[in-house]
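Notes for the one structure printed next.
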Amino acid sequence: GDSVRSAGIMILGATPSRPSSAGSSIAAGVRGQMPFLLPGSLTQASLIQLLPTSVRDQLEHLPAEMQEQSLAAFMLTLTGTATGEAIQRITRATCRPDVSGGSDDQTSWHGLLGATTGWRAPRLVALSEQAARPGYKAYSASEYIDTPEVLNEKARLLAQMWKRSGQDTIIYTGAGLSTAAGIGDYASKAAQSVAPHKKQASTGSRLDLRPTLAHHALASMEEKGLIGHWVQQNHDRLAQKAGFPQAKLNEIHGAWGDMKNQVKMMDDTLRRDLLEWLRSWAE
């Protein structure tokens with residue numbers, strides 16, 4: 001157990017100092033619930049201390065049940081890989097891969113305009129080791145939620161940007177816009193995902209789906225002259241059902257029920273006129 005822990009400390013650059021309060025509290029929370037040992041007689045408490053501080057902090061903010069499930073998943077990972085590799089996989093699953101601290105950390109979580117705000121990092125609510133979109137430069141499928149305070153600040157900032165852009169504003173949306181309507185996406189893979197469609201998956205005909213509050217809000221913004229164009233990657237036609245005009249809508253990936261703009265597969269070619277339309281907006 002000690003040799004395994006020492007190896008993990010060397011690989012991760014951790015210090016063999018006294019356990020942090022985060023690690024101690026998590027260890028105390030799960031101790032007795034899963035009494036079996038990890039490979040090489042590595043205990044749960046030792047595993048927690050091997051993890052980087054950022055990972056332990058994320059775990060501490062999870063509900064007790066999710067802490068237990070996460071640690072169980074970590075232990076399962078250790079049974080099939082070397083300790084150092086397992087710890088690295090756990091770290092990648094829990095943290096954003098491009099987070100390196102300082103302003104880069106802020107930019108990764110909150111964008112360029114949030115780099116100097118001092119906003120808190122979002123809270124981990126669903127852990128996953130899987131890639132959100134395999135084959136693309138994407139993060140893991142772990143899910144995070146901003147604090148209400150940060151979310152309100154982002155809404156204010158967006159409103160300011162929107163007023164400056166006015167009718168030149170271009171909306172670019174994807175699968176996340178329609179999950180609340182019960183339509184699944186490709187990226188929500190965490191076992192404890194909080195994506196809306198995981199709770200209320202659609203049944204029956206997809207043509208009976210209703211627009212979400214987001215669709216109605218965007219249609220209302222267009223009526224007020226605050227949207228010039230909408231690049232819609234979804235096929236569901238919920239934007240039109242909410243009242244958004246077809247003339248301003250570029251269904252770049254095709255649409256259900258439209259024989260002139262059939263749904264595109266991942267390896268299909270985009271319709272030339274829609275692609276040119278998109279490029280002209282960008283200019």
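Letters for chains follow the order of the structure tokens (A, B, ...), residue numbers begin at 1 for each chain, and ligand numbers begin at 1 in the order shown.
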Residues of range 214-277 of chain A in strand (DSSP E), written as a tab-separated table (two decimals) with N, CA, C and O atoms, in the first residue's frame:
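Final output, saved to part-v2.tsv:
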```tsv
chain	number	residue	atom	x	y	z
A	229	HIS	N	-30.26	36.28	-37.72
A	229	HIS	CA	-30.27	34.94	-38.30
A	229	HIS	C	-30.12	33.91	-37.18
A	229	HIS	O	-29.59	34.19	-36.11
A	230	TRP	N	-30.58	32.70	-37.48
A	230	TRP	CA	-30.46	31.59	-36.53
A	230	TRP	C	-29.90	30.39	-37.28
A	230	TRP	O	-30.52	29.86	-38.20
A	231	VAL	N	-28.70	29.95	-36.88
A	231	VAL	CA	-28.11	28.73	-37.42
A	231	VAL	C	-28.56	27.59	-36.52
A	231	VAL	O	-28.13	27.47	-35.38
A	232	GLN	N	-29.44	26.76	-37.05
A	232	GLN	CA	-30.07	25.70	-36.28
A	232	GLN	C	-29.50	24.34	-36.69
A	232	GLN	O	-29.71	23.88	-37.81
A	249	LEU	N	-34.03	31.32	-40.72
A	249	LEU	CA	-33.58	30.09	-40.08
A	249	LEU	C	-32.79	29.24	-41.07
A	249	LEU	O	-33.30	28.86	-42.13
A	250	ASN	N	-31.56	28.92	-40.72
A	250	ASN	CA	-30.72	28.07	-41.55
A	250	ASN	C	-30.60	26.71	-40.87
A	250	ASN	O	-29.83	26.53	-39.93
```
Identify, on the basis of only C-alpha atoms, every residue whose closest approach to range 174-178 of chain A does not exceed 12 Å; exclude the query and any residue fewer than 5 positions from it along the same chain; express the result as JSON, numbers by chain.
{"A": [183, 184, 185, 186, 187, 188, 194, 195, 196, 197, 200, 201, 202, 206, 209, 210, 211, 212, 213, 214, 215, 216, 217, 218, 230, 231, 232, 233, 234, 235, 236, 237, 238, 239, 251, 252, 253]}
Generate the output file for the selected residues, N, CA and C atoms, as a compact mmCIF listing (two decimals), in the first residue's frame.
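Saved the output as again_1.txt:
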```txt
# COMPACT_ATOMS: atom_id res chain seq x y z
N ILE A 183 -35.97 15.41 -26.33
CA ILE A 183 -35.13 14.88 -27.41
C ILE A 183 -33.73 14.62 -26.86
N GLY A 184 -33.22 13.41 -27.05
CA GLY A 184 -31.91 13.07 -26.54
C GLY A 184 -30.79 13.73 -27.32
N ASP A 185 -29.60 13.78 -26.70
CA ASP A 185 -28.41 14.28 -27.38
C ASP A 185 -27.35 13.18 -27.37
N TYR A 186 -26.17 13.50 -27.91
CA TYR A 186 -25.10 12.50 -28.01
C TYR A 186 -24.10 12.61 -26.87
N ALA A 187 -24.07 13.74 -26.19
CA ALA A 187 -22.99 14.01 -25.25
C ALA A 187 -23.32 13.70 -23.79
N SER A 188 -24.58 13.55 -23.44
CA SER A 188 -24.97 13.33 -22.04
C SER A 188 -24.84 11.85 -21.69
N VAL A 194 -27.77 15.03 -15.43
CA VAL A 194 -28.90 15.88 -15.04
C VAL A 194 -29.56 16.50 -16.28
N ALA A 195 -29.18 16.03 -17.48
CA ALA A 195 -29.80 16.54 -18.70
C ALA A 195 -31.30 16.30 -18.65
N PRO A 196 -32.11 17.27 -19.07
CA PRO A 196 -33.58 17.16 -18.94
C PRO A 196 -34.17 15.92 -19.58
N HIS A 197 -33.65 15.51 -20.75
CA HIS A 197 -34.27 14.38 -21.44
C HIS A 197 -34.04 13.06 -20.71
N GLN A 200 -37.32 12.96 -18.70
CA GLN A 200 -38.60 12.97 -19.40
C GLN A 200 -38.40 12.70 -20.89
N ALA A 201 -37.86 11.55 -21.20
CA ALA A 201 -37.63 11.19 -22.59
C ALA A 201 -38.96 11.18 -23.36
N SER A 202 -38.89 11.62 -24.59
CA SER A 202 -40.09 11.72 -25.41
C SER A 202 -40.61 10.34 -25.80
N ARG A 206 -42.35 11.99 -32.92
CA ARG A 206 -41.46 13.14 -32.74
C ARG A 206 -42.09 14.40 -33.32
N LEU A 209 -43.77 16.82 -30.72
CA LEU A 209 -42.97 17.51 -29.71
C LEU A 209 -43.31 19.00 -29.67
N ARG A 210 -43.18 19.59 -28.49
CA ARG A 210 -43.52 20.99 -28.31
C ARG A 210 -42.26 21.81 -28.06
N PRO A 211 -42.23 23.06 -28.49
CA PRO A 211 -41.06 23.91 -28.27
C PRO A 211 -40.81 24.13 -26.78
N THR A 212 -39.57 24.36 -26.43
CA THR A 212 -39.21 24.64 -25.04
C THR A 212 -39.34 26.14 -24.77
N LEU A 213 -39.15 26.51 -23.51
CA LEU A 213 -39.15 27.94 -23.16
C LEU A 213 -38.05 28.68 -23.93
N ALA A 214 -36.93 28.01 -24.15
CA ALA A 214 -35.83 28.64 -24.89
C ALA A 214 -36.24 28.96 -26.33
N HIS A 215 -36.94 28.04 -26.98
CA HIS A 215 -37.41 28.30 -28.34
C HIS A 215 -38.35 29.51 -28.37
N HIS A 216 -39.27 29.54 -27.41
CA HIS A 216 -40.23 30.66 -27.36
C HIS A 216 -39.51 31.98 -27.06
N ALA A 217 -38.51 31.94 -26.20
CA ALA A 217 -37.77 33.16 -25.86
C ALA A 217 -37.05 33.70 -27.10
N LEU A 218 -36.44 32.80 -27.89
CA LEU A 218 -35.73 33.25 -29.08
C LEU A 218 -36.70 33.79 -30.13
N TRP A 230 -30.58 32.70 -37.48
CA TRP A 230 -30.46 31.59 -36.53
C TRP A 230 -29.90 30.39 -37.28
N VAL A 231 -28.70 29.95 -36.88
CA VAL A 231 -28.11 28.73 -37.42
C VAL A 231 -28.56 27.59 -36.52
N GLN A 232 -29.44 26.76 -37.05
CA GLN A 232 -30.07 25.70 -36.28
C GLN A 232 -29.50 24.34 -36.69
N GLN A 233 -28.73 23.70 -35.80
CA GLN A 233 -28.15 22.39 -36.12
C GLN A 233 -29.13 21.24 -35.89
N ASN A 234 -30.21 21.51 -35.16
CA ASN A 234 -31.19 20.46 -34.87
C ASN A 234 -32.12 20.24 -36.06
N HIS A 235 -32.80 19.11 -36.03
CA HIS A 235 -33.71 18.76 -37.13
C HIS A 235 -35.18 18.88 -36.73
N ASP A 236 -35.47 19.28 -35.51
CA ASP A 236 -36.78 19.05 -34.91
C ASP A 236 -37.87 20.05 -35.29
N ARG A 237 -37.50 21.18 -35.90
CA ARG A 237 -38.46 22.19 -36.35
C ARG A 237 -39.21 22.87 -35.20
N LEU A 238 -38.66 22.78 -34.01
CA LEU A 238 -39.31 23.41 -32.86
C LEU A 238 -39.21 24.93 -32.92
N ALA A 239 -38.20 25.44 -33.59
CA ALA A 239 -38.09 26.91 -33.74
C ALA A 239 -39.30 27.45 -34.49
N GLU A 251 -31.38 25.74 -41.36
CA GLU A 251 -31.32 24.38 -40.80
C GLU A 251 -30.19 23.63 -41.51
N ILE A 252 -28.98 23.94 -41.12
CA ILE A 252 -27.77 23.56 -41.83
C ILE A 252 -27.58 22.04 -41.90
N HIS A 253 -28.13 21.30 -40.93
CA HIS A 253 -27.98 19.83 -40.91
C HIS A 253 -29.23 19.10 -41.39
```
For Pro134 in chain A, which residue among A:Glu60, A:Leu112, A:Leu157, A:Lys189 is the nearest when counting only C-alpha atoms?
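Looking only at the distances to Pro134 in chain A, the closest residue turns out to be A:Lys189.
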Polymer residues at most 9 Å from Leu226 in chain A, only C-alpha atoms, same-chain spacing of 6 or more positions, as a list of chain:residue names
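Selected residues are A:Trp162, A:Lys163, A:Ser165, A:Gly166, A:Gln167, A:Asp168, A:Thr169, A:Ser220.
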Take the selection from the previous step and output its residues with N, CA and C atoms, as a compact mmCIF listing (two decimals), in the first residue's frame.
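Full text of result18.txt as output:
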```txt
# COMPACT_ATOMS: atom_id res chain seq x y z
N TRP A 162 -26.01 41.49 -26.37
CA TRP A 162 -27.13 41.36 -27.28
C TRP A 162 -27.65 42.74 -27.71
N LYS A 163 -27.73 43.65 -26.76
CA LYS A 163 -28.21 45.00 -27.07
C LYS A 163 -27.25 45.71 -28.03
N SER A 165 -25.35 44.23 -30.30
CA SER A 165 -25.44 43.60 -31.62
C SER A 165 -26.78 43.87 -32.30
N GLY A 166 -27.84 43.95 -31.50
CA GLY A 166 -29.16 44.24 -32.06
C GLY A 166 -29.58 43.24 -33.12
N GLN A 167 -30.05 43.76 -34.25
CA GLN A 167 -30.55 42.90 -35.30
C GLN A 167 -29.45 42.15 -36.05
N ASP A 168 -28.19 42.45 -35.75
CA ASP A 168 -27.08 41.72 -36.36
C ASP A 168 -26.72 40.46 -35.57
N THR A 169 -27.41 40.20 -34.48
CA THR A 169 -27.13 39.03 -33.66
C THR A 169 -27.43 37.74 -34.42
N SER A 220 -39.47 35.30 -29.46
CA SER A 220 -39.87 36.60 -28.94
C SER A 220 -38.79 37.65 -29.18
```
Calculated over only C-alpha atoms, which of the candidates A:Leu158, A:Ala132, A:Ala126, A:Ala191 has the smallest distance to Ile145 in chain A?
A:Ala126
For Gly228 in chain A, which residue among A:Val263, A:Ile171, A:Phe244, A:Ala181 is the nearest when counting only C-alpha atoms?
A:Ile171
Which residues come within 7 Å of Ser140 in chain A, counting only C-alpha atoms, excluding same-chain residues fewer than 5 positions away, as a list in words?
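Near neighbours after the sequence-gap exclusion: Ala93, Ser128, Glu129, Gln130, Ala131 and Ala132 of chain A.
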Non-local contacts of Glu153 in chain A (12 Å; only C-alpha atoms; under 6 positions in same chain excluded) as a ChimeraX atom specification
/A:110,113-114,117-120,146-147,159-160
May I have the selected residues written with C-alpha atoms, as an mmCIF file, in the first residue's frame?
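Final file, out_29.cif:
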```cif
data_model
loop_
_atom_site.group_PDB
_atom_site.id
_atom_site.type_symbol
_atom_site.label_atom_id
_atom_site.label_comp_id
_atom_site.auth_asym_id
_atom_site.auth_seq_id
_atom_site.Cartn_x
_atom_site.Cartn_y
_atom_site.Cartn_z
ATOM 1 C CA HIS A 110 -16.298 31.217 -18.302
ATOM 2 C CA LEU A 113 -15.126 37.954 -21.083
ATOM 3 C CA GLY A 114 -15.131 36.000 -17.828
ATOM 4 C CA THR A 117 -14.242 38.421 -13.261
ATOM 5 C CA GLY A 118 -13.265 36.226 -10.332
ATOM 6 C CA TRP A 119 -16.356 34.065 -10.898
ATOM 7 C CA ARG A 120 -16.391 30.756 -9.074
ATOM 8 C CA ASP A 146 -22.764 27.349 -12.464
ATOM 9 C CA THR A 147 -23.762 28.835 -9.139
ATOM 10 C CA ALA A 159 -27.945 41.015 -22.365
ATOM 11 C CA GLN A 160 -25.373 43.799 -22.771
#
```
List every residue of range 113-171 of chain A that DSSP, applied to the backbone, labels as alpha helix (DSSP H), and write the result as a JSON list (two decimals) with all heavy atoms, in the first residue's frame.
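Here's the written file selection.json:
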```
[["chain", "number", "residue", "atom", "x", "y", "z"],
["A", 148, "PRO", "N", -25.93, 29.99, -8.90],
["A", 148, "PRO", "CA", -26.95, 30.96, -9.33],
["A", 148, "PRO", "C", -26.40, 32.37, -9.51],
["A", 148, "PRO", "O", -26.80, 33.09, -10.43],
["A", 148, "PRO", "CB", -27.98, 30.90, -8.19],
["A", 148, "PRO", "CG", -27.82, 29.53, -7.61],
["A", 148, "PRO", "CD", -26.36, 29.24, -7.71],
["A", 149, "GLU", "N", -25.45, 32.75, -8.65],
["A", 149, "GLU", "CA", -24.88, 34.10, -8.74],
["A", 149, "GLU", "C", -24.12, 34.28, -10.05],
["A", 149, "GLU", "O", -24.25, 35.30, -10.73],
["A", 149, "GLU", "CB", -23.96, 34.36, -7.54],
["A", 149, "GLU", "CG", -24.64, 34.39, -6.19],
["A", 149, "GLU", "CD", -24.98, 33.00, -5.66],
["A", 149, "GLU", "OE1", -24.42, 32.01, -6.18],
["A", 149, "GLU", "OE2", -25.79, 32.92, -4.72],
["A", 150, "VAL", "N", -23.29, 33.30, -10.39],
["A", 150, "VAL", "CA", -22.51, 33.39, -11.63],
["A", 150, "VAL", "C", -23.44, 33.35, -12.83],
["A", 150, "VAL", "O", -23.25, 34.09, -13.81],
["A", 150, "VAL", "CB", -21.48, 32.25, -11.69],
["A", 150, "VAL", "CG1", -20.81, 32.20, -13.07],
["A", 150, "VAL", "CG2", -20.42, 32.44, -10.61],
["A", 151, "LEU", "N", -24.45, 32.51, -12.78],
["A", 151, "LEU", "CA", -25.39, 32.41, -13.90],
["A", 151, "LEU", "C", -26.10, 33.73, -14.13],
["A", 151, "LEU", "O", -26.28, 34.17, -15.28],
["A", 151, "LEU", "CB", -26.41, 31.30, -13.62],
["A", 151, "LEU", "CG", -27.33, 30.93, -14.79],
["A", 151, "LEU", "CD1", -26.54, 30.45, -16.00],
["A", 151, "LEU", "CD2", -28.33, 29.86, -14.36],
["A", 152, "ASN", "N", -26.48, 34.41, -13.07],
["A", 152, "ASN", "CA", -27.14, 35.71, -13.20],
["A", 152, "ASN", "C", -26.19, 36.75, -13.81],
["A", 152, "ASN", "O", -26.60, 37.57, -14.65],
["A", 152, "ASN", "CB", -27.63, 36.20, -11.83],
["A", 152, "ASN", "CG", -28.87, 35.46, -11.36],
["A", 152, "ASN", "OD1", -29.61, 34.91, -12.17],
["A", 152, "ASN", "ND2", -29.08, 35.42, -10.06],
["A", 153, "GLU", "N", -24.92, 36.71, -13.40],
["A", 153, "GLU", "CA", -23.94, 37.64, -13.95],
["A", 153, "GLU", "C", -23.73, 37.37, -15.44],
["A", 153, "GLU", "O", -23.57, 38.31, -16.23],
["A", 153, "GLU", "CB", -22.62, 37.52, -13.19],
["A", 153, "GLU", "CG", -22.64, 38.10, -11.79],
["A", 153, "GLU", "CD", -22.97, 39.59, -11.80],
["A", 153, "GLU", "OE1", -22.40, 40.32, -12.65],
["A", 153, "GLU", "OE2", -23.80, 40.03, -10.98],
["A", 154, "LYS", "N", -23.71, 36.11, -15.82],
["A", 154, "LYS", "CA", -23.55, 35.78, -17.23],
["A", 154, "LYS", "C", -24.76, 36.25, -18.04],
["A", 154, "LYS", "O", -24.61, 36.70, -19.18],
["A", 154, "LYS", "CB", -23.36, 34.27, -17.39],
["A", 154, "LYS", "CG", -21.99, 33.77, -16.94],
["A", 154, "LYS", "CD", -21.83, 32.28, -17.19],
["A", 154, "LYS", "CE", -20.43, 31.81, -16.83],
["A", 154, "LYS", "NZ", -20.23, 30.36, -17.07],
["A", 155, "ALA", "N", -25.93, 36.14, -17.46],
["A", 155, "ALA", "CA", -27.15, 36.61, -18.15],
["A", 155, "ALA", "C", -27.09, 38.12, -18.38],
["A", 155, "ALA", "O", -27.45, 38.61, -19.45],
["A", 155, "ALA", "CB", -28.38, 36.23, -17.35],
["A", 156, "ARG", "N", -26.61, 38.85, -17.38],
["A", 156, "ARG", "CA", -26.48, 40.31, -17.53],
["A", 156, "ARG", "C", -25.47, 40.66, -18.62],
["A", 156, "ARG", "O", -25.71, 41.57, -19.44],
["A", 156, "ARG", "CB", -26.04, 40.93, -16.20],
["A", 156, "ARG", "CG", -27.09, 40.87, -15.11],
["A", 156, "ARG", "CD", -26.69, 41.74, -13.92],
["A", 156, "ARG", "NE", -27.63, 41.58, -12.82],
["A", 156, "ARG", "CZ", -27.44, 40.76, -11.81],
["A", 156, "ARG", "NH1", -26.35, 40.02, -11.75],
["A", 156, "ARG", "NH2", -28.34, 40.66, -10.85],
["A", 157, "LEU", "N", -24.37, 39.93, -18.64],
["A", 157, "LEU", "CA", -23.34, 40.18, -19.64],
["A", 157, "LEU", "C", -23.86, 39.86, -21.04],
["A", 157, "LEU", "O", -23.63, 40.61, -22.00],
["A", 157, "LEU", "CB", -22.10, 39.33, -19.33],
["A", 157, "LEU", "CG", -20.89, 39.51, -20.24],
["A", 157, "LEU", "CD1", -20.42, 40.95, -20.23],
["A", 157, "LEU", "CD2", -19.76, 38.58, -19.81],
["A", 158, "LEU", "N", -24.58, 38.78, -21.16],
["A", 158, "LEU", "CA", -25.17, 38.41, -22.45],
["A", 158, "LEU", "C", -26.16, 39.46, -22.92],
["A", 158, "LEU", "O", -26.19, 39.82, -24.11],
["A", 158, "LEU", "CB", -25.86, 37.04, -22.33],
["A", 158, "LEU", "CG", -26.62, 36.56, -23.57],
["A", 158, "LEU", "CD1", -25.68, 36.42, -24.77],
["A", 158, "LEU", "CD2", -27.34, 35.24, -23.29],
["A", 159, "ALA", "N", -26.96, 39.98, -22.00],
["A", 159, "ALA", "CA", -27.94, 41.01, -22.37],
["A", 159, "ALA", "C", -27.24, 42.26, -22.91],
["A", 159, "ALA", "O", -27.70, 42.87, -23.89],
["A", 159, "ALA", "CB", -28.80, 41.37, -21.15],
["A", 160, "GLN", "N", -26.13, 42.64, -22.29],
["A", 160, "GLN", "CA", -25.37, 43.80, -22.77],
["A", 160, "GLN", "C", -24.83, 43.56, -24.18],
["A", 160, "GLN", "O", -24.91, 44.43, -25.05],
["A", 160, "GLN", "CB", -24.23, 44.09, -21.80],
["A", 160, "GLN", "CG", -24.68, 44.54, -20.42],
["A", 160, "GLN", "CD", -23.54, 44.56, -19.43],
["A", 160, "GLN", "OE1", -22.36, 44.40, -19.78],
["A", 160, "GLN", "NE2", -23.86, 44.78, -18.16],
["A", 161, "MET", "N", -24.27, 42.37, -24.39],
["A", 161, "MET", "CA", -23.74, 42.03, -25.71],
["A", 161, "MET", "C", -24.86, 42.03, -26.75],
["A", 161, "MET", "O", -24.68, 42.51, -27.88],
["A", 161, "MET", "CB", -23.08, 40.65, -25.66],
["A", 161, "MET", "CG", -21.84, 40.58, -24.77],
["A", 161, "MET", "SD", -21.32, 38.87, -24.48],
["A", 161, "MET", "CE", -20.99, 38.31, -26.15],
["A", 162, "TRP", "N", -26.01, 41.49, -26.37],
["A", 162, "TRP", "CA", -27.13, 41.36, -27.28],
["A", 162, "TRP", "C", -27.65, 42.74, -27.71],
["A", 162, "TRP", "O", -27.96, 42.98, -28.88],
["A", 162, "TRP", "CB", -28.24, 40.56, -26.61],
["A", 162, "TRP", "CG", -29.10, 39.78, -27.58],
["A", 162, "TRP", "CD1", -29.52, 40.18, -28.80],
["A", 162, "TRP", "CD2", -29.61, 38.46, -27.38],
["A", 162, "TRP", "NE1", -30.29, 39.20, -29.39],
["A", 162, "TRP", "CE2", -30.36, 38.13, -28.54],
["A", 162, "TRP", "CE3", -29.54, 37.54, -26.35],
["A", 162, "TRP", "CZ2", -31.02, 36.92, -28.68],
["A", 162, "TRP", "CZ3", -30.19, 36.34, -26.49],
["A", 162, "TRP", "CH2", -30.91, 36.02, -27.65],
["A", 163, "LYS", "N", -27.73, 43.65, -26.76],
["A", 163, "LYS", "CA", -28.21, 45.00, -27.07],
["A", 163, "LYS", "C", -27.25, 45.71, -28.03],
["A", 163, "LYS", "O", -27.69, 46.45, -28.92],
["A", 163, "LYS", "CB", -28.35, 45.82, -25.78],
["A", 163, "LYS", "CG", -29.52, 45.38, -24.91],
["A", 163, "LYS", "CD", -29.56, 46.19, -23.62],
["A", 163, "LYS", "CE", -30.74, 45.75, -22.75],
["A", 163, "LYS", "NZ", -30.77, 46.49, -21.46],
["A", 164, "ARG", "N", -25.96, 45.48, -27.86],
["A", 164, "ARG", "CA", -24.98, 46.10, -28.76],
["A", 164, "ARG", "C", -25.11, 45.53, -30.18],
["A", 164, "ARG", "O", -24.98, 46.26, -31.16],
["A", 164, "ARG", "CB", -23.57, 45.89, -28.24],
["A", 164, "ARG", "CG", -23.23, 46.68, -27.00],
["A", 164, "ARG", "CD", -21.73, 46.74, -26.78],
["A", 164, "ARG", "NE", -21.14, 45.42, -26.59],
["A", 164, "ARG", "CZ", -20.99, 44.83, -25.42],
["A", 164, "ARG", "NH1", -21.40, 45.46, -24.32],
["A", 164, "ARG", "NH2", -20.43, 43.64, -25.32],
["A", 165, "SER", "N", -25.35, 44.23, -30.30],
["A", 165, "SER", "CA", -25.44, 43.60, -31.62],
["A", 165, "SER", "C", -26.78, 43.87, -32.30],
["A", 165, "SER", "O", -26.84, 43.98, -33.53],
["A", 165, "SER", "CB", -25.24, 42.08, -31.48],
["A", 165, "SER", "OG", -23.95, 41.78, -31.01]]
```
Quote the spacing between CA of Pro245 in chain A and CA of Ala219 in chain A in Å to one decimal place.
8.1 Å
